[in-house]
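The structure appears below as structure tokens.
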Amino acid sequence: MKSISRLKKCVGAASMDSPPPLLLLHLLRPYSLNVIELGNGPERDPSTLINDFTRFCYQRDLPRAMTALHSMQNHKIWADSITYSELIKCCLARGAIEQGKVVHKHIFSDGYQPKTFLLNVLLNMYVKFNLLNEAQMLFVQMPQRNFVSWTTMIAAFSDADLNDKALEFLILMLREGARPNMFTYSSVLRACAGLPNLRQLHCGIIRTGLDSDVFVRSALIDNYSKWGELQNALCVFNEMVTADLVVWNSIIGGFAQNSDGDEALNLFIRMKRAGFLADQSTLTSALRACTGLALLELGRQLHVHVLKFHQDLILNNALLDMYCKCGSLEDANSVFSRMVDKDVISWSTMIIGMAQNGFSQQALKLFEAMKVSGTRPNYITVLGVLFACSHAGLVDNGQYYFRSMKKLFGIDPGREHYGCMVDLLGRAGKLDEAVQLIHEMEYEPDAVTWRTLLGACRVHRNMDLAVYAAKQILKLDPSDAGTYILLSNIYANSQRWEDVAEVRRTMRGRRVKKEPGCSWIEVNKQIHAFILGDYSHPQIDEISRELNQLIWRLKEMGYVPDTNFVLQDLEGEQKEDSLLYHSEKLAIVFGMMNLSLEKTIRIRKNLRICGDCHVFAKLLAKMECRSIVIRDPIRYHHFRDGVCSCGDYW
DNA sequence: ATAGGGTTAG
């Protein structure tokens with residue numbers, strides 16, 4: 001009966017200010033009945049005060065609620081925990097830090113003993129305001145802590161990348177006898193900074209049976225993926241019964257980020273069959289998979305779905321990158337120009353895309369436009385700019401940007417920037433300056449640095465330096481097949497067969513296997529792979545016939561196979577034969593046979609294109625009036641009308 | 001009642 005009269009008072013008080021009808025419904029909810037813990041208010045009716053306060057809290061009327069709070073403080077009366085938690089929510093939503101602190105003071109004033117629940121809410125407020133010190137102080141002062149208090153702190157440390165603290169708190173929590181739940185584990189997993197920790201946590205999770213929780217599962221999958229343990233990620237994914245969208249997204253993203261686009265796309269298809277609708281995260285990962293595999297047609301299909309999430313920045317960035325990496329700058333440009341929001345990643349993606357596709361001058365122009373737009377370049381942007389310079393031989397521009405990057409953009413040159421400069425100088429034939437830079441830089445040269453120099457030596461046929469660089473690489477990375485091949489190639493070019501044999505022996509001794517050249521082409525939604533020495537493609541006979549005819553016609557135009565690119569010490573026609581079956585040639589011919597004339601033939605390669613295939617593609621593009629794009633692991637070649645976008649500089 | 005998960009450029 002008491003509560004009913006209080007309720008009437010509440011409603012009465014509310015209707016005096018004539019609130020909208022919905023508010024009345026709010027007030028009828030049970031918590032307005034919990035007006036308890038009254039102090040000895042002097043003259044004013046304390047329940048009216050609390051009613052006002054409660055109403056303002058639920059109305060999200062922060063200024064009035066704070067005024068009411070002051071009056072309550074003066075009268076030494078307190079509301080119930082839930083009302084305070086509503087007020088704190090309101091402070092959080094408005095970013096009202098000072099008001100939050102006033103509430104904090106109030107609920108500790110005059111001996112009032114707030115419940116653990118309320119202190120957890122307050123703790124969370126400090127965490128969300130990023131006031132970790134305040135949160136920690138409160139945590140220490142709390143008379144009692146429960147598993148929510150611990151979890152709140154652990155999540156806070158994980159978010160702040162204070163991984164050791166997060167793990168430490170898990171241990172302290174266990175010691176104090178508080179039991180972690182799925183919230184705790186999903187939070188602590190984000191802080192897990194190594195495989196051994198991850199395995200330990202996973203064991204603990206299995207013991208408690210919490211591995212069926214979708215939050216825990218997605219965190220586990222995500223974590224295993226982060227350490228490249230895709231098999232374990234897949235185990236977590238497959239083991240259980242049901243997955244939600246985020247669990248699917250975790251596993252798809254895991255494969256996409258670990259350059260296994262095939263598996264990512266397989267899972268993407270399975271997800272759709274299972275009845276889930278792709279969201280931004282799914283599409284971003286699927287696009288990334290297309291980017292890695294250079295699947296332009298599939299990427300275009302995904303573009304249609306991207307439109308549903310118009311102006312999602314991350315998704316648009318992924319789309320942009322997909323078009324760049326699939327060699328379609330027209331599409332990339334059109335996406336880029338339509339993007340309302342562009343961040344440093346959008347600009348960097350486009351700059352790098354232009355540079356990789358052979359449009360370095362445009363890339364530099366875009367960089368200028370970026371600066372005008374007010375977006376600050378970062379480490380990667382500058383890398384892209386230097387990359388653009390090195391791929392077009394723009395030595396002066398490159399040196400200018402490199403020397404002034406600290407002053408202009410506040411970015412210290414990192415190892416990779418030096419790498420770009422070694423590339424720039426080396427390719428431009430300034431091998432001595434490149435070597436000098438390697439010695440000058442404050443980083444110990446790594447295998448990548450030496451590989452860059454080796455590439456330049458190959459272009460400029462500096463054998464002695466090449467041998468030196470190759471030996472440095474193999475010291476640092478004895479399993480680098482490409483370097484052995486290159487080294488034996490260099491020896492073969494100078495007819496040093498003894499040295500060739502020695503390199504081969506070393507390779508065999510160290511069980512280093514040469515990666516076979518492989519080219520992929522997408523035709524009618526199917527991916528066709530051509531691997532050197534593998535003739536299992538169903539149309540291989542027709543392709544070979546066609547290839548032979550084309551070469552015969554090309555030779556009449558003056559094509560001379562460049563046998564420098566043959567690895568074995570073979571003679572005459574045998575040499576030409578092994579060149580003939582380079583995978584990109586087969587893929588190009590297959591594309592010509594299966595794609596209509598106006599369609600660009602797009603090939604992706606796992607190894608860098610050889611000089612002979614490069615000449616072949618240029619001449620073929622002219623003779624057959626076709627446009628051919630080949631993407632190798634480093635850059636792109638657009639062949640049209642007898643020339644390549646790389647300007648033969650690669 | 002209060003605490004937890006997935007997506008973009010080298």
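Ordered as shown in the structure tokens, chains take letters A, B, and onward, while each chain numbers its residues from 1 and ligands are numbered from 1 in the order shown.
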Exercise for the section: as number ranges by chain, list the residues of segment 275-488 of chain A assigned to alpha helix (DSSP H) by DSSP on the backbone atoms of this structure. Expected result: A: 280-293, 296-306, 313-325, 329-338, 344-356, 360-373, 379-392, 395-409, 415-427, 431-440, 447-459, 463-476, 481-488
Handout entry: Contacts of DT7 of chain B at 7 Å (only C-alpha atoms (C1' of nucleotides); same-chain gap of 5+ positions) as number ranges by chain
Key = A: 280-282, 284-285, 314
Practice task
May I ask you to extract the residues of chain A within 6 Å of chain B, using only C-alpha atoms (C1' of nucleotides), and to give them as a count of residues only?
Solution key: 24
Non-local contacts of segment 472-479 of chain A (6 Å; only C-alpha atoms (C1' of nucleotides); under 2 positions in same chain excluded) as a PDB file with all heavy atoms, in the first residue's frame:
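To be explicit, this is the file written out as selection_2.pdb:
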```pdb
ATOM      1  N   ALA A 447      67.586  -8.620 -44.277  1.00  0.00           N
ATOM      2  CA  ALA A 447      67.528  -9.343 -45.553  1.00  0.00           C
ATOM      3  C   ALA A 447      66.793  -8.526 -46.616  1.00  0.00           C
ATOM      4  O   ALA A 447      67.173  -8.540 -47.792  1.00  0.00           O
ATOM      5  CB  ALA A 447      66.856 -10.694 -45.356  1.00  0.00           C
ATOM      6  N   TRP A 450      69.102  -5.925 -48.220  1.00  0.00           N
ATOM      7  CA  TRP A 450      70.053  -6.512 -49.170  1.00  0.00           C
ATOM      8  C   TRP A 450      69.343  -7.017 -50.421  1.00  0.00           C
ATOM      9  O   TRP A 450      69.877  -6.945 -51.534  1.00  0.00           O
ATOM     10  CB  TRP A 450      70.820  -7.665 -48.509  1.00  0.00           C
ATOM     11  CG  TRP A 450      71.754  -7.217 -47.424  1.00  0.00           C
ATOM     12  CD1 TRP A 450      71.687  -7.540 -46.105  1.00  0.00           C
ATOM     13  CD2 TRP A 450      72.901  -6.350 -47.563  1.00  0.00           C
ATOM     14  NE1 TRP A 450      72.702  -6.939 -45.405  1.00  0.00           N
ATOM     15  CE2 TRP A 450      73.466  -6.199 -46.279  1.00  0.00           C
ATOM     16  CE3 TRP A 450      73.495  -5.684 -48.642  1.00  0.00           C
ATOM     17  CZ2 TRP A 450      74.598  -5.422 -46.030  1.00  0.00           C
ATOM     18  CZ3 TRP A 450      74.618  -4.906 -48.406  1.00  0.00           C
ATOM     19  CH2 TRP A 450      75.167  -4.784 -47.116  1.00  0.00           C
ATOM     20  N   ALA A 469      75.713  -8.944 -52.149  1.00  0.00           N
ATOM     21  CA  ALA A 469      74.385  -8.746 -51.544  1.00  0.00           C
ATOM     22  C   ALA A 469      73.697 -10.092 -51.304  1.00  0.00           C
ATOM     23  O   ALA A 469      73.129 -10.327 -50.238  1.00  0.00           O
ATOM     24  CB  ALA A 469      73.526  -7.858 -52.443  1.00  0.00           C
ATOM     25  N   ALA A 470      73.793 -10.974 -52.294  1.00  0.00           N
ATOM     26  CA  ALA A 470      73.138 -12.286 -52.178  1.00  0.00           C
ATOM     27  C   ALA A 470      73.695 -13.042 -50.976  1.00  0.00           C
ATOM     28  O   ALA A 470      72.956 -13.685 -50.227  1.00  0.00           O
ATOM     29  CB  ALA A 470      73.329 -13.085 -53.461  1.00  0.00           C
ATOM     30  N   ALA A 481      64.629 -18.964 -51.144  1.00  0.00           N
ATOM     31  CA  ALA A 481      64.816 -19.632 -52.432  1.00  0.00           C
ATOM     32  C   ALA A 481      65.112 -18.637 -53.550  1.00  0.00           C
ATOM     33  O   ALA A 481      65.983 -18.869 -54.392  1.00  0.00           O
ATOM     34  CB  ALA A 481      63.573 -20.450 -52.765  1.00  0.00           C
ATOM     35  N   VAL A 512      66.301 -26.306 -49.601  1.00  0.00           N
ATOM     36  CA  VAL A 512      65.520 -25.143 -50.031  1.00  0.00           C
ATOM     37  C   VAL A 512      64.872 -25.484 -51.364  1.00  0.00           C
ATOM     38  O   VAL A 512      65.537 -25.887 -52.307  1.00  0.00           O
ATOM     39  CB  VAL A 512      66.418 -23.900 -50.195  1.00  0.00           C
ATOM     40  CG1 VAL A 512      65.605 -22.721 -50.698  1.00  0.00           C
ATOM     41  CG2 VAL A 512      67.082 -23.563 -48.872  1.00  0.00           C
TER      42      VAL A 512
END
```
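Of note, atom CA of Ala621 of chain A and atom CA of Gly642 of chain A are spaced 6.0 Å apart.
The protein and nucleic acid residues lying at most 10 Å from Gly558 of chain A are Trp552, Arg553 and Leu619 of chain A, with only C-alpha atoms (C1' of nucleotides) considered and sequence neighbours fewer than 5 positions away removed.
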Problem - Contacts of Cys235 of chain A within 12 Å, only C-alpha atoms (C1' of nucleotides), excl. fewer than 4 positions in-chain, as a ChimeraX atom specification - result: /A:211,217-218,220-221,224-225,229-231,239-241,251
Practice task
Quick one: everything within 12 Å of Lys599 of chain A, counting only C-alpha atoms (C1' of nucleotides), minus sequence neighbours fewer than 2 positions away in the same chain. Send it as number ranges by chain.
Solution key: A: 297, 522-523, 591-597, 601-602, 625-629
Practice task
Find the spatial neighbours of Asp534 of chain A, counting only C-alpha atoms (C1' of nucleotides), within a cut-off of 10 Å - ignore same-chain residues fewer than 5 positions away - and output them as JSON, numbers by chain.
Solution key: {"A": [516, 518, 529, 540, 581, 583]}
Selected residues, all heavy atoms, written as a PDB file, in the first residue's frame, please.
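Printed below is result01.pdb as written:
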```
ATOM      1  N   PRO A 516      57.661 -22.800 -57.659  1.00  0.00           N
ATOM      2  CA  PRO A 516      57.401 -22.745 -59.099  1.00  0.00           C
ATOM      3  C   PRO A 516      56.604 -21.501 -59.463  1.00  0.00           C
ATOM      4  O   PRO A 516      55.758 -21.046 -58.696  1.00  0.00           O
ATOM      5  CB  PRO A 516      56.580 -24.013 -59.359  1.00  0.00           C
ATOM      6  CG  PRO A 516      55.981 -24.372 -58.052  1.00  0.00           C
ATOM      7  CD  PRO A 516      56.881 -23.824 -56.969  1.00  0.00           C
ATOM      8  N   CYS A 518      53.824 -19.291 -60.903  1.00  0.00           N
ATOM      9  CA  CYS A 518      52.406 -19.593 -61.013  1.00  0.00           C
ATOM     10  C   CYS A 518      51.654 -18.324 -61.421  1.00  0.00           C
ATOM     11  O   CYS A 518      51.952 -17.236 -60.910  1.00  0.00           O
ATOM     12  CB  CYS A 518      51.893 -20.124 -59.680  1.00  0.00           C
ATOM     13  SG  CYS A 518      50.233 -20.771 -59.756  1.00  0.00           S
ATOM     14  N   ALA A 529      44.533 -21.559 -62.821  1.00  0.00           N
ATOM     15  CA  ALA A 529      45.919 -21.438 -62.384  1.00  0.00           C
ATOM     16  C   ALA A 529      46.832 -22.128 -63.382  1.00  0.00           C
ATOM     17  O   ALA A 529      46.516 -23.216 -63.881  1.00  0.00           O
ATOM     18  CB  ALA A 529      46.069 -22.064 -61.000  1.00  0.00           C
ATOM     19  N   ILE A 540      45.126 -27.353 -72.229  1.00  0.00           N
ATOM     20  CA  ILE A 540      46.546 -27.053 -72.380  1.00  0.00           C
ATOM     21  C   ILE A 540      47.035 -27.257 -73.811  1.00  0.00           C
ATOM     22  O   ILE A 540      47.880 -26.495 -74.301  1.00  0.00           O
ATOM     23  CB  ILE A 540      47.404 -27.870 -71.366  1.00  0.00           C
ATOM     24  CG1 ILE A 540      48.846 -27.333 -71.313  1.00  0.00           C
ATOM     25  CG2 ILE A 540      47.418 -29.345 -71.694  1.00  0.00           C
ATOM     26  CD1 ILE A 540      48.979 -26.001 -70.670  1.00  0.00           C
ATOM     27  N   TYR A 581      57.123 -21.912 -71.689  1.00  0.00           N
ATOM     28  CA  TYR A 581      56.069 -22.343 -70.796  1.00  0.00           C
ATOM     29  C   TYR A 581      56.034 -21.574 -69.480  1.00  0.00           C
ATOM     30  O   TYR A 581      55.444 -22.015 -68.520  1.00  0.00           O
ATOM     31  CB  TYR A 581      56.165 -23.858 -70.569  1.00  0.00           C
ATOM     32  CG  TYR A 581      55.869 -24.578 -71.847  1.00  0.00           C
ATOM     33  CD1 TYR A 581      56.860 -25.270 -72.540  1.00  0.00           C
ATOM     34  CD2 TYR A 581      54.592 -24.505 -72.392  1.00  0.00           C
ATOM     35  CE1 TYR A 581      56.577 -25.896 -73.739  1.00  0.00           C
ATOM     36  CE2 TYR A 581      54.298 -25.121 -73.582  1.00  0.00           C
ATOM     37  CZ  TYR A 581      55.298 -25.817 -74.262  1.00  0.00           C
ATOM     38  OH  TYR A 581      55.005 -26.411 -75.455  1.00  0.00           O
ATOM     39  N   SER A 583      54.573 -19.471 -66.832  1.00  0.00           N
ATOM     40  CA  SER A 583      53.142 -19.544 -66.566  1.00  0.00           C
ATOM     41  C   SER A 583      52.376 -18.326 -67.078  1.00  0.00           C
ATOM     42  O   SER A 583      51.230 -18.449 -67.507  1.00  0.00           O
ATOM     43  CB  SER A 583      52.924 -19.705 -65.062  1.00  0.00           C
ATOM     44  OG  SER A 583      53.475 -18.602 -64.380  1.00  0.00           O
TER      45      SER A 583
END
```
Handout entry: strand (DSSP E or B) positions in segment 324-527 of chain A, given as a VMD selection string
Key = chain A and resid 518 to 523 526 to 527
Fill in the blank from the handout: What separates atom CA of Ser259 of chain A and atom CA of Ile527 of chain A is a distance of 16.7 Å
